[in-house]
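**Student:** Have a look at this one.
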Amino acid sequence: MPPTPSLPILRGAQHLTFRCTACGECCRRIRVVLTHHDLRRLSAGLGRPAETFVQWLSPDEVDMTGEPGSFVRLAVGRRLMVLAHGGGACQLLQPDQRCGAYAHRPLDCRLYPFHLERDEQARPQELTRLDPERCGDNGEPTQLEPLAALDAQRWQELREFQQRVLRWNQLASHRLRFRKPLGDEAAFLAFLGASGSAPHDGVPH
Ligand code: SF4
Ligand code: SF4
């Protein structure tokens, strides 16, 4: 019988035993970049307009040097769309340190603290835990397959979001060339169709 081809070995598989202690620290420390998919899920799930979840950070308020494609050109300058904080933490963090939007939370929150590296064929190669000191490992092992599927969905949604940002920014350049004002934050959300309405492919007046 021919030997069974060996599956790639996942380095860092021991991190799958992570269990969240619900300390809430990541919800205070990390700024969650939102896509239009995240916003639609939050908006539909909590029954609130998309803009109530959003805060806009300028480039000097956040380190996103590795992901310039998420910055949006607005009338106020380049901005990054993140989940809004209030009182030093995510606005959805509850007093008992639990997430107030657990079933609808953004994909970055669902994946935290895992980080998955893949090879050229997109096969999982290495798993790391972003905050091994706080995020301990005393739980039942998480299954790799659903985690990898969620990670793939996250990257796909981010790619789609960045394509929309690119289109918006191209239209913004066009408007500048013709000395027209750039769109504001509300216009960008309407462009995304983030509240559930169909996106429109033009900068509003
Ligand atoms: S993921 Fe980690 S930092 Fe965040 S609440 Fe859980 S244990 Fe705390
Ligand atoms: S949406 Fe929930 S999990 Fe994500 S940062 Fe806010 S409180 Fe934390």
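Residue numbering restarts at 1 in every chain; chains get A, B, ... in the order shown in the structure tokens, and ligands count up from 1 in that same order.
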At a cut-off of 12 Å and counting only C-alpha atoms and all ligand atoms, what residues surround ligand 2? Please answer as an MDAnalysis selection string.
**Tutor:** chainID A and resid 20 22:34 38:39 41:42 46 53:54 82:86 88:113
**Student:** Taking the DSSP secondary structure from the backbone, can you list the residues of stretch 30-99 of chain A that are strand (DSSP E), as a ChimeraX atom specification?
**Tutor:** /A:54-57,71-74,77-83,85-86,89-90
**Student:** Using only C-alpha atoms, what does the table of stretch 17-123 of chain A residues within 7 Å of stretch 164-184 of chain A look like, with each row giving the shortest atom pair and its distance in Å to one decimal, sorted by chain and ascending number, as a Markdown table?
**Tutor:**
```
| residue | atom | partner | partner_atom | distance |
| --- | --- | --- | --- | --- |
| A:Ser70 | CA | A:Val165 | CA | 6.6 |
| A:Val72 | CA | A:Val165 | CA | 6.0 |
| A:Arg73 | CA | A:Asn169 | CA | 5.7 |
| A:Leu74 | CA | A:Asp184 | CA | 5.4 |
| A:Ala75 | CA | A:Leu182 | CA | 4.8 |
```
**Student:** Let's have the selection written as a PDB file, in the first residue's frame, with N, CA and C atoms.
**Tutor:**
```
ATOM      1  N   SER A  70      -6.732  50.297   4.251  1.00  0.00           N
ATOM      2  CA  SER A  70      -7.985  50.471   4.990  1.00  0.00           C
ATOM      3  C   SER A  70      -8.266  51.940   5.297  1.00  0.00           C
ATOM      4  N   VAL A  72      -9.430  55.663   4.632  1.00  0.00           N
ATOM      5  CA  VAL A  72     -10.437  56.259   3.744  1.00  0.00           C
ATOM      6  C   VAL A  72     -10.151  57.757   3.601  1.00  0.00           C
ATOM      7  N   ARG A  73     -10.173  58.254   2.365  1.00  0.00           N
ATOM      8  CA  ARG A  73      -9.970  59.695   2.146  1.00  0.00           C
ATOM      9  C   ARG A  73     -11.284  60.430   2.331  1.00  0.00           C
ATOM     10  N   LEU A  74     -11.340  61.220   3.376  1.00  0.00           N
ATOM     11  CA  LEU A  74     -12.563  61.968   3.697  1.00  0.00           C
ATOM     12  C   LEU A  74     -12.263  63.457   3.684  1.00  0.00           C
ATOM     13  N   ALA A  75     -13.323  64.259   3.805  1.00  0.00           N
ATOM     14  CA  ALA A  75     -13.142  65.711   3.822  1.00  0.00           C
ATOM     15  C   ALA A  75     -12.220  66.133   4.971  1.00  0.00           C
TER      16      ALA A  75
END
```
**Student:** Kindly indicate which residue among A:His37, A:Arg48, A:Arg78, A:His115 lies nearest to A:Arg129, using only C-alpha atoms for the distances.
**Tutor:** A:His115
**Student:** Using only C-alpha atoms and all ligand atoms, which residue out of A:Glu185, A:Glu145, A:Glu140, A:Glu133 lies closest to ligand 1?
**Tutor:**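 So, comparing all the options, the nearest one is A:Glu133.
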**Student:** Between atom CA of A:Phe114 and atom CA of A:Ala149, what distance in Å does the model show, to one decimal?
**Tutor:**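 Straight-line distance from atom CA of A:Phe114 to atom CA of A:Ala149 works out to 12.8 Å.
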**Student:** Using only C-alpha atoms, which of A:Ala186, A:Ala122, A:Leu127, A:Leu158 sits nearest A:Gln14?
**Tutor:**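 Residue with the minimum atom-to-atom distance to A:Gln14: A:Leu127.
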**Student:** Using DSSP on the backbone coordinates, identify the residues of chain A assigned to alpha helix (DSSP H); present them as an MDAnalysis selection string.
**Tutor:** chainID A and resid 25:29 36:46 107:111 144:177 185:192
